[in-house]
file entry_15.csv (CSV, C-alpha atoms)
chain,number,residue,atom,x,y,z
A,19,MET,CA,-21.2,-42.1,1.5
A,20,LYS,CA,-20.8,-38.5,2.6
A,21,LEU,CA,-19.4,-39.6,5.9
A,22,PHE,CA,-16.9,-41.8,4.1
A,23,TYR,CA,-15.7,-38.8,2.0
A,24,LEU,CA,-15.5,-36.6,5.1
A,25,ALA,CA,-13.5,-39.2,7.0
A,26,ALA,CA,-11.2,-39.6,4.0
A,27,LEU,CA,-10.7,-35.9,3.8
A,28,LEU,CA,-9.9,-35.6,7.5
A,29,GLY,CA,-7.4,-38.4,7.1
A,30,LEU,CA,-5.7,-36.7,4.2
A,31,VAL,CA,-5.5,-33.4,6.2
A,32,THR,CA,-4.0,-35.2,9.2
A,33,LEU,CA,-1.5,-37.1,7.0
A,34,THR,CA,-0.5,-33.8,5.3
A,35,THR,CA,0.0,-31.8,8.5
A,36,ALA,CA,2.0,-34.6,10.1
A,37,ASN,CA,4.5,-34.6,7.2
A,38,ILE,CA,5.1,-30.8,7.2
A,39,ASN,CA,8.1,-29.7,9.1
A,40,GLY,CA,10.4,-26.7,9.2
A,41,PRO,CA,12.3,-24.6,8.4
A,42,TYR,CA,9.4,-22.4,7.3
A,43,LEU,CA,9.1,-19.3,5.1
A,44,PHE,CA,5.9,-17.2,5.4
A,45,TRP,CA,4.9,-14.4,3.1
A,46,GLY,CA,2.0,-12.5,1.5
A,47,HIS,CA,0.1,-11.3,4.6
A,48,GLU,CA,0.8,-8.2,6.7
A,49,LYS,CA,0.9,-10.1,10.0
A,50,VAL,CA,3.8,-12.3,9.0
A,51,ILE,CA,6.1,-9.6,10.4
A,52,ASN,CA,4.9,-10.6,13.9
A,53,LEU,CA,6.6,-14.0,13.4
A,54,GLN,CA,10.1,-12.5,13.1
A,55,PRO,CA,12.4,-13.7,15.9
A,56,ARG,CA,12.8,-11.0,18.5
A,57,ALA,CA,15.5,-10.5,21.1
A,58,LEU,CA,15.1,-13.4,23.6
A,59,GLN,CA,11.4,-13.9,22.6
A,60,GLU,CA,9.9,-16.0,19.9
A,61,ALA,CA,6.5,-15.7,18.3
A,62,SER,CA,3.7,-17.0,20.5
A,63,GLU,CA,0.8,-19.4,19.6
A,64,ASN,CA,-1.5,-16.4,19.4
A,65,HIS,CA,0.6,-14.8,16.7
A,66,PHE,CA,0.3,-18.0,14.6
A,67,SER,CA,-3.4,-18.5,15.2
A,68,ASP,CA,-4.3,-14.9,14.4
A,69,LEU,CA,-2.3,-15.1,11.2
A,70,PHE,CA,-3.9,-18.3,10.1
A,71,ARG,CA,-7.4,-17.1,11.0
A,72,ASP,CA,-7.1,-13.7,9.3
A,73,ALA,CA,-5.8,-15.0,6.0
A,74,LYS,CA,-8.6,-15.8,3.5
A,75,ALA,CA,-6.6,-18.6,2.1
A,76,ILE,CA,-3.4,-20.5,2.8
A,77,VAL,CA,-1.1,-22.1,0.2
A,78,ILE,CA,1.5,-24.5,1.6
A,79,PHE,CA,4.4,-25.6,-0.7
A,80,VAL,CA,6.2,-28.7,0.6
A,81,ARG,CA,9.8,-29.5,-0.3
A,82,ASN,CA,11.7,-32.8,0.1
A,83,SER,CA,14.7,-30.9,1.6
A,84,THR,CA,15.5,-28.7,4.5
A,85,LYS,CA,18.4,-27.0,2.9
A,86,ARG,CA,18.2,-23.2,2.4
A,87,LEU,CA,17.0,-22.0,-1.0
A,88,ASP,CA,19.5,-20.6,-3.4
A,89,GLY,CA,18.2,-17.4,-5.0
A,90,GLN,CA,20.0,-18.1,-8.3
A,91,GLN,CA,18.0,-21.3,-8.6
A,92,TYR,CA,14.7,-19.8,-7.6
A,93,PRO,CA,14.8,-16.3,-9.2
A,94,LYS,CA,11.0,-16.0,-9.6
A,95,PHE,CA,10.3,-17.0,-6.1
A,96,GLN,CA,13.1,-14.6,-4.8
A,97,GLN,CA,11.4,-11.7,-6.7
A,98,LEU,CA,8.0,-12.7,-5.3
A,99,ILE,CA,9.4,-12.6,-1.7
A,100,ARG,CA,11.0,-9.2,-2.2
A,101,ASN,CA,7.6,-7.8,-3.2
A,102,ASN,CA,5.9,-9.1,-0.1
A,103,GLY,CA,6.5,-9.0,3.7
A,104,TRP,CA,8.0,-12.2,4.8
A,105,SER,CA,9.4,-14.1,7.8
A,106,TYR,CA,11.9,-17.0,8.0
A,107,LEU,CA,11.5,-19.4,10.9
A,108,PRO,CA,14.3,-22.1,11.3
A,109,GLN,CA,12.2,-24.1,13.8
A,110,HIS,CA,11.1,-27.7,13.0
A,111,SER,CA,7.4,-27.4,14.1
A,112,LEU,CA,4.8,-24.7,14.6
A,113,LEU,CA,3.0,-23.8,17.8
A,114,ALA,CA,-0.3,-23.8,16.0
A,115,ASP,CA,-1.7,-26.0,13.2
A,116,PRO,CA,-3.0,-23.9,10.3
A,117,PHE,CA,-5.6,-26.6,9.5
A,118,ASN,CA,-7.3,-25.9,12.8
A,119,TYR,CA,-7.9,-22.2,12.0
A,120,ASN,CA,-8.5,-22.0,8.2
A,121,ALA,CA,-10.6,-24.1,5.9
A,122,ASN,CA,-9.2,-22.7,2.6
A,123,ILE,CA,-5.8,-24.5,2.6
A,124,GLU,CA,-4.1,-25.9,-0.5
A,125,VAL,CA,-1.0,-28.1,-0.2
A,126,ILE,CA,1.3,-28.3,-3.2
A,127,ASN,CA,4.1,-30.9,-3.2
A,128,LEU,CA,7.3,-29.8,-4.9
A,129,SER,CA,9.2,-32.8,-6.3
A,130,GLY,CA,10.7,-31.6,-9.5
A,131,PRO,CA,14.0,-29.8,-10.3
A,132,ALA,CA,14.6,-26.2,-9.0
A,133,GLU,CA,13.4,-24.5,-12.2
A,134,GLU,CA,10.2,-26.4,-12.2
A,135,SER,CA,9.6,-25.8,-8.4
A,136,ASP,CA,10.3,-22.1,-8.9
A,137,SER,CA,7.6,-21.8,-11.5
A,138,GLU,CA,5.2,-24.0,-9.5
A,139,ILE,CA,5.5,-21.8,-6.4
A,140,VAL,CA,4.9,-18.5,-8.2
A,141,GLY,CA,2.1,-20.0,-10.4
A,142,GLY,CA,0.3,-21.6,-7.5
A,143,TYR,CA,0.5,-18.4,-5.4
A,144,THR,CA,-0.6,-16.2,-8.3
A,145,ASP,CA,-3.6,-18.4,-8.9
A,146,ALA,CA,-4.7,-18.0,-5.3
A,147,LEU,CA,-4.2,-14.2,-5.5
A,148,SER,CA,-6.5,-14.0,-8.5
A,149,ILE,CA,-9.3,-15.7,-6.5
A,150,TYR,CA,-8.9,-14.1,-3.0
A,151,GLY,CA,-7.2,-10.8,-3.7
A,152,GLU,CA,-3.8,-9.2,-3.0
A,153,GLY,CA,-2.7,-9.4,0.6
A,154,GLU,CA,-5.3,-12.0,1.5
A,155,VAL,CA,-3.3,-15.1,0.7
A,156,LEU,CA,-0.7,-16.5,3.1
A,157,GLY,CA,2.1,-18.5,1.4
A,158,ILE,CA,4.0,-21.1,3.5
A,159,LEU,CA,7.1,-22.9,2.3
A,160,ALA,CA,7.8,-26.0,4.4
A,161,SER,CA,9.7,-29.3,4.3
A,162,ARG,CA,8.4,-32.8,4.2
A,163,GLU,CA,11.2,-34.5,6.1
A,164,GLU,CA,13.2,-33.5,9.2
A,165,ASP,CA,16.8,-32.6,8.9
A,166,ALA,CA,19.0,-35.7,8.9
A,167,HIS,CA,21.4,-34.6,11.7
A,168,PHE,CA,18.5,-34.3,14.2
A,169,ILE,CA,17.3,-37.8,13.4
A,170,ALA,CA,20.9,-39.2,13.7
A,171,LYS,CA,21.3,-37.4,17.0
A,172,ARG,CA,18.2,-38.9,18.5
A,173,ALA,CA,19.1,-42.4,17.1
A,174,ALA,CA,22.6,-42.2,18.6
A,175,ALA,CA,21.2,-41.2,22.0
A,176,VAL,CA,18.7,-44.1,22.0
A,177,ALA,CA,21.4,-46.6,21.0
A,178,ALA,CA,23.8,-45.3,23.7
A,179,ALA,CA,21.0,-45.6,26.3
A,180,SER,CA,20.2,-49.2,25.2
A,181,GLU,CA,23.8,-50.3,25.4
A,182,GLY,CA,24.1,-48.8,28.9
A,183,GLU,CA,21.1,-50.6,30.2
A,184,GLY,CA,22.5,-54.0,29.2
A,185,ASP,CA,25.9,-53.6,30.9
A,186,GLU,CA,26.2,-53.1,34.7
A,187,GLY,CA,28.8,-50.6,36.0
A,188,ILE,CA,28.7,-48.6,32.7
A,189,SER,CA,27.3,-45.1,32.9
A,190,THR,CA,24.1,-44.6,30.8
A,191,THR,CA,24.8,-40.9,30.4
A,192,ALA,CA,25.6,-40.1,26.8
A,193,SER,CA,28.4,-37.7,26.2
A,194,PRO,CA,27.2,-34.4,24.9
A,195,GLY,CA,27.6,-34.1,21.1
A,196,PRO,CA,28.5,-31.0,19.2
A,197,GLU,CA,26.1,-28.1,19.5
A,198,GLU,CA,23.5,-27.8,16.8
A,199,TYR,CA,23.2,-24.5,14.9
A,200,GLU,CA,20.2,-23.2,12.9
A,201,ASP,CA,20.2,-20.9,9.9
A,202,ASN,CA,19.3,-18.0,12.2
A,203,TYR,CA,21.9,-16.2,14.3
A,204,ILE,CA,21.0,-14.0,17.2
A,205,TYR,CA,23.7,-12.3,19.3
A,206,VAL,CA,22.3,-10.9,22.5
A,207,ALA,CA,24.7,-9.1,24.9
A,208,ASN,CA,24.6,-10.1,28.6
A,209,GLY,CA,21.9,-8.2,30.4
A,210,ARG,CA,20.0,-7.6,27.1
A,211,LYS,CA,22.0,-4.4,26.5
A,212,ALA,CA,22.3,-4.9,22.7
A,213,VAL,CA,21.3,-7.4,20.0
A,214,LEU,CA,22.3,-8.3,16.5
A,215,ASN,CA,20.2,-10.7,14.4
A,216,VAL,CA,21.3,-12.0,11.0
A,217,ASN,CA,19.7,-14.8,8.9
A,218,ALA,CA,23.0,-16.0,7.5
A,219,ALA,CA,26.4,-16.6,9.1
A,220,PRO,CA,28.7,-13.6,8.8
A,221,GLU,CA,31.3,-14.0,6.1
A,222,LEU,CA,34.8,-12.7,7.0
A,223,THR,CA,37.7,-12.5,4.5
A,224,ILE,CA,40.9,-11.7,6.3
A,225,ASN,CA,44.5,-12.2,5.1
A,226,GLN,CA,43.0,-13.7,1.9
A,227,THR,CA,41.3,-16.4,3.9
A,228,LYS,CA,37.5,-16.7,3.8
A,229,LEU,CA,35.9,-17.6,7.1
A,230,LEU,CA,32.2,-18.5,7.7
A,231,LEU,CA,31.4,-17.5,11.3
A,232,LYS,CA,28.8,-20.1,12.4
A,233,GLU,CA,29.9,-21.0,15.9
A,234,HIS,CA,30.1,-18.4,18.6
A,235,THR,CA,30.6,-18.4,22.4
A,236,LYS,CA,27.8,-17.4,24.8
A,237,GLU,CA,30.0,-14.6,26.3
A,238,ILE,CA,28.6,-11.7,24.3
A,239,THR,CA,29.2,-8.4,25.9
A,240,PHE,CA,28.3,-4.7,25.3
A,241,ASP,CA,30.6,-2.0,26.5
A,242,ASP,CA,28.1,0.8,27.3
A,243,GLN,CA,29.8,4.1,27.2
A,244,ARG,CA,26.9,6.3,26.4
A,245,SER,CA,28.2,9.2,28.4
A,246,LYS,CA,31.2,9.1,26.1
A,247,HIS,CA,29.0,8.8,23.0
A,248,TYR,CA,30.0,5.3,22.0
A,249,GLY,CA,29.3,1.6,22.7
A,250,ARG,CA,30.8,-1.7,21.5
A,251,LEU,CA,29.2,-5.1,21.0
A,252,SER,CA,31.7,-7.9,21.2
A,253,VAL,CA,31.1,-11.4,19.8
A,254,ILE,CA,33.7,-14.2,19.9
A,255,PHE,CA,33.5,-16.9,17.1
A,256,LYS,CA,35.3,-20.2,16.8
A,257,VAL,CA,36.8,-21.3,13.5
A,258,ASP,CA,39.0,-24.4,13.3
A,259,ASP,CA,40.1,-24.1,16.9
A,260,GLU,CA,41.0,-20.4,16.4
A,261,LYS,CA,39.1,-17.5,17.9
A,262,VAL,CA,37.8,-14.6,15.8
A,263,THR,CA,36.6,-11.5,17.8
A,264,LEU,CA,34.3,-9.0,16.2
A,265,ARG,CA,33.7,-5.8,18.1
A,266,PHE,CA,30.9,-3.7,16.5
A,267,ASN,CA,31.4,0.0,17.2
A,268,PHE,CA,28.3,2.2,17.8
A,269,SER,CA,28.3,6.0,18.1
A,270,VAL,CA,25.5,8.0,19.6
A,271,LYS,CA,24.9,11.7,18.9
A,272,TYR,CA,21.8,13.9,19.4
A,273,GLY,CA,19.7,10.9,20.4
A,274,THR,CA,20.6,8.8,17.3
A,275,TRP,CA,22.9,5.8,17.2
A,276,ALA,CA,25.0,4.6,14.2
A,277,MET,CA,27.1,1.6,13.5
A,278,LYS,CA,30.1,2.7,11.3
A,279,ALA,CA,32.9,0.2,12.0
A,280,VAL,CA,33.9,-3.2,13.4
A,281,GLU,CA,37.1,-4.2,15.0
A,282,VAL,CA,38.4,-7.6,14.0
A,283,ARG,CA,40.9,-9.8,15.7
A,284,TYR,CA,42.1,-13.1,14.2
A,285,LYS,CA,45.1,-14.9,15.8
A,286,GLU,CA,47.6,-12.1,16.2
A,287,TYR,CA,46.2,-9.9,13.5
A,288,GLU,CA,44.0,-6.9,14.4
A,289,THR,CA,42.3,-4.4,12.1
A,290,VAL,CA,39.4,-2.0,11.8
A,291,LEU,CA,36.8,-2.3,9.0
A,292,GLN,CA,34.6,0.6,8.0
A,293,VAL,CA,31.1,0.5,6.5
A,294,VAL,CA,31.1,0.6,2.7
A,295,GLY,CA,28.6,3.1,1.1
A,296,ARG,CA,27.2,6.5,1.4
A,297,GLN,CA,26.0,8.2,4.6
A,298,TYR,CA,22.5,6.8,4.1
A,299,ASP,CA,23.9,3.2,3.9
A,300,ILE,CA,25.2,3.4,7.5
A,301,PRO,CA,22.9,1.5,9.9
A,302,SER,CA,21.4,4.2,12.2
A,303,ALA,CA,18.2,5.0,14.1
A,304,PRO,CA,17.0,6.9,17.1
A,305,LEU,CA,17.6,5.4,20.5
A,306,LYS,CA,15.1,2.7,21.4
A,307,PHE,CA,14.7,2.0,17.7
A,308,SER,CA,16.2,-0.8,15.7
A,309,TYR,CA,17.5,-0.9,12.2
A,310,ARG,CA,16.7,-3.7,9.7
A,311,CYS,CA,17.9,-4.3,6.1
A,312,SER,CA,17.0,-7.3,4.0
A,313,ALA,CA,17.3,-5.6,0.6
A,314,ARG,CA,21.1,-5.4,0.5
A,315,HIS,CA,24.2,-6.7,2.3
A,316,LEU,CA,26.1,-4.7,4.8
A,317,GLN,CA,29.8,-4.7,4.0
A,318,PHE,CA,32.8,-3.6,6.2
A,319,THR,CA,36.2,-3.3,4.6
A,320,ASN,CA,39.7,-1.7,5.0
A,321,GLY,CA,40.6,-2.3,1.3
A,322,ASN,CA,41.9,-5.8,1.8
A,323,ASP,CA,39.8,-7.5,4.5
A,324,THR,CA,36.0,-7.6,4.4
A,325,LEU,CA,33.1,-8.6,6.6
A,326,VAL,CA,29.6,-9.2,5.1
A,327,LEU,CA,26.3,-9.3,7.0
A,328,LYS,CA,23.2,-10.5,5.2
A,329,ASP,CA,19.6,-9.7,6.1
A,330,TYR,CA,20.3,-8.2,9.5
A,331,GLN,CA,18.6,-6.3,12.3
A,332,VAL,CA,20.5,-4.5,15.0
A,333,GLN,CA,19.8,-2.4,18.1
A,334,PRO,CA,22.3,-1.1,20.7
A,335,TRP,CA,21.3,0.2,24.1
A,336,LEU,CA,18.4,-2.3,24.3
A,337,ASP,CA,18.2,-1.5,28.0
A,338,GLY,CA,16.9,-4.9,29.0
A,339,ALA,CA,14.0,-5.0,26.6
A,340,GLU,CA,12.8,-8.4,25.4
A,341,ARG,CA,12.3,-7.5,21.8
A,342,PHE,CA,13.5,-5.1,19.2
A,343,GLY,CA,12.1,-1.6,19.2
A,344,ASP,CA,10.2,0.0,16.2
A,345,VAL,CA,12.1,-0.6,13.0
A,346,TYR,CA,13.9,1.8,10.7
A,347,ASP,CA,14.3,0.2,7.3
A,348,CYS,CA,17.0,0.6,4.7
A,349,ILE,CA,14.5,0.7,1.8
A,350,GLY,CA,14.2,4.3,0.7
A,351,PHE,CA,10.9,6.0,0.0
A,352,THR,CA,11.8,7.2,-3.5
A,353,THR,CA,11.7,3.9,-5.4
A,354,ALA,CA,11.4,3.6,-9.2
A,355,PRO,CA,7.6,2.9,-9.1
A,356,ILE,CA,7.1,5.9,-6.8
A,357,TRP,CA,9.1,8.1,-9.1
A,358,ALA,CA,7.1,6.9,-12.1
A,359,GLY,CA,3.8,7.7,-10.3
A,360,VAL,CA,5.1,11.1,-9.3
A,361,LEU,CA,6.1,11.9,-12.9
A,362,VAL,CA,2.8,10.7,-14.3
A,363,SER,CA,0.9,12.8,-11.7
A,364,LEU,CA,3.0,15.9,-12.6
A,365,PHE,CA,2.3,15.3,-16.3
A,366,LEU,CA,-1.5,15.1,-15.7
A,367,VAL,CA,-1.5,18.1,-13.4
A,368,GLY,CA,0.4,20.1,-16.1
A,369,ILE,CA,-2.3,19.2,-18.7
A,370,LEU,CA,-5.1,20.1,-16.3
A,371,SER,CA,-3.4,23.4,-15.5
A,372,ILE,CA,-3.1,24.3,-19.2
A,373,GLY,CA,-6.7,23.5,-19.7
A,374,ILE,CA,-7.8,25.6,-16.7
A,375,LEU,CA,-5.7,28.6,-17.9
A,376,ALA,CA,-7.2,28.2,-21.4
A,377,LEU,CA,-10.7,28.3,-20.1
A,378,MET,CA,-10.0,31.3,-17.9
A,379,ASP,CA,-8.5,33.1,-21.0
A,380,ILE,CA,-11.8,32.8,-22.9
A,381,LYS,CA,-13.6,36.2,-23.1
A,382,THR,CA,-17.3,36.3,-24.1
A,383,PRO,CA,-18.6,39.2,-26.2
A,384,ASN,CA,-20.6,41.9,-24.4
A,385,ARG,CA,-22.9,42.7,-27.4
A,386,PHE,CA,-24.8,40.3,-29.6
A,387,GLU,CA,-26.4,41.2,-33.0
A,388,SER,CA,-29.9,40.1,-34.0
A,389,SER,CA,-32.2,40.5,-37.0
A,390,ARG,CA,-34.2,43.2,-35.3
A,391,SER,CA,-31.3,45.4,-34.6
A,392,LYS,CA,-30.9,48.5,-36.8
A,393,GLN,CA,-28.0,48.7,-39.1
A,394,LEU,CA,-25.8,51.7,-38.6
A,395,THR,CA,-24.9,53.7,-41.7
A,396,PHE,CA,-22.1,56.1,-42.2
A,397,THR,CA,-22.0,59.0,-44.7
A,398,VAL,CA,-18.7,60.1,-45.9
A,399,GLN,CA,-18.4,63.5,-47.4
A,400,GLU,CA,-15.7,64.4,-49.8

call {"tool": "encode", "arguments": {"input": "entry_15.csv", "output": "structure tokens"}}
result
Amino acid sequence: MKLFYLAALLGLVTLTTANINGPYLFWGHEKVINLQPRALQEASENHFSDLFRDAKAIVIFVRNSTKRLDGQQYPKFQQLIRNNGWSYLPQHSLLADPFNYNANIEVINLSGPAEESDSEIVGGYTDALSIYGEGEVLGILASREEDAHFIAKRAAAVAAASEGEGDEGISTTASPGPEEYEDNYIYVANGRKAVLNVNAAPELTINQTKLLLKEHTKEITFDDQRSKHYGRLSVIFKVDDEKVTLRFNFSVKYGTWAMKAVEVRYKEYETVLQVVGRQYDIPSAPLKFSYRCSARHLQFTNGNDTLVLKDYQVQPWLDGAERFGDVYDCIGFTTAPIWAGVLVSLFLVGILSIGILALMDIKTPNRFESSRSKQLTFTVQE
């Protein structure tokens, strides 16, 4: 009977893993940052196996859709992600199977509306944290079904090959279809001189026309003029048979680079957009370091036209490296919780200081009276 239950359990695990596909979202463990896509190099099988092995427990949430989550429909989950380190992988399969490295795995199927799934994700993950502890539970959001356009593409290729085999004199080579694009966009300049990575297509509003820049050419260049203290990363996009050229301008001074503006060319219209915000909002870092920001959007504007980058990481003067350098983050050190902790600490230190000063001000008498001591008498003469 035990063997029967064991076989049934193994069959259930196999069925579950076979139906889990990407895209994936990992969070809750410190090693998930190692899964972030790097310049020209993806995470290896060892990164996945180490992560699955080090986590005390894994909670896998499976959706019926591969569409990207809307933060407005999943506000609780969005807040949960912001409070944890996370990585988004647009791929359709993993290099390592989590069931081969961890025995404490729970699979939760999400089949209800967005509000119900939002509460179910946060509730299931919170329950696991109460058992295994903070930072010890790995959360994975996956999909049950593959994306429809990939299935259709394979089916069309098989059908074309079958028709070609039955007719002589007809070529069996299928004509290449349109290029597929994931929800992850990495722009690497030729020669690995610079790289820009965003997790959503750039949004350009120009001449009161909003353009979503999804498709780009492979000719990405970086004009290295470090001796003149500047460099330019050029990316050409295609929107409705029209070309949109973005040229990101970098300046370098005293060993620190900064991205302050972008040159835009659409049809015959050319303009320069400046970064919106204060000095500390400008992406900048020392040379050989990258800059990443997922907490807020980066916006360029000239008052009428705007360009928005969401969840981005950038590094100029990559100098042929295969991955980003050490990261400078846009999240400041003095957050609201830290300020609250500092104020409470100052309040307690103030109370302690007053108590110490009060103790130091106490003076003990140098003479003590007793019942044996003689009383002094004074005679007053008139």

call {"tool": "residues_around", "arguments": {"input": "entry_15.csv", "residues": "Ser269 (chain A)", "least_positions_apart": "3", "cutoff": "9 Å", "atoms": "all atoms listed in the file", "output": "MDAnalysis selection string"}}
result
chainID A and resid 244 247:250 274:278

call {"tool": "closest_residue", "arguments": {"input": "entry_15.csv", "among": "A:Leu316, A:Leu361, A:Val367, A:Val80", "to": "Gly295 (chain A)", "atoms": "only C-alpha atoms"}}
result
A:Leu316

call {"tool": "closest_residue", "arguments": {"input": "entry_15.csv", "among": "A:Lys232, A:Val206, A:Asn118, A:Lys285", "to": "Ser252 (chain A)", "atoms": "all atoms listed in the file"}}
result
A:Val206

call {"tool": "residues_around", "arguments": {"input": "entry_15.csv", "residues": "Ala219 (chain A)", "least_positions_apart": "6", "cutoff": "12 Å", "atoms": "all atoms listed in the file", "output": "PyMOL selection string"}}
result
chain A and resi 199-205+229-234+255+325-330

call {"tool": "closest_residue", "arguments": {"input": "entry_15.csv", "among": "A:Ala212, A:Asp259, A:Gln226, A:Glu288", "to": "Lys306 (chain A)", "atoms": "only C-alpha atoms"}}
result
A:Ala212
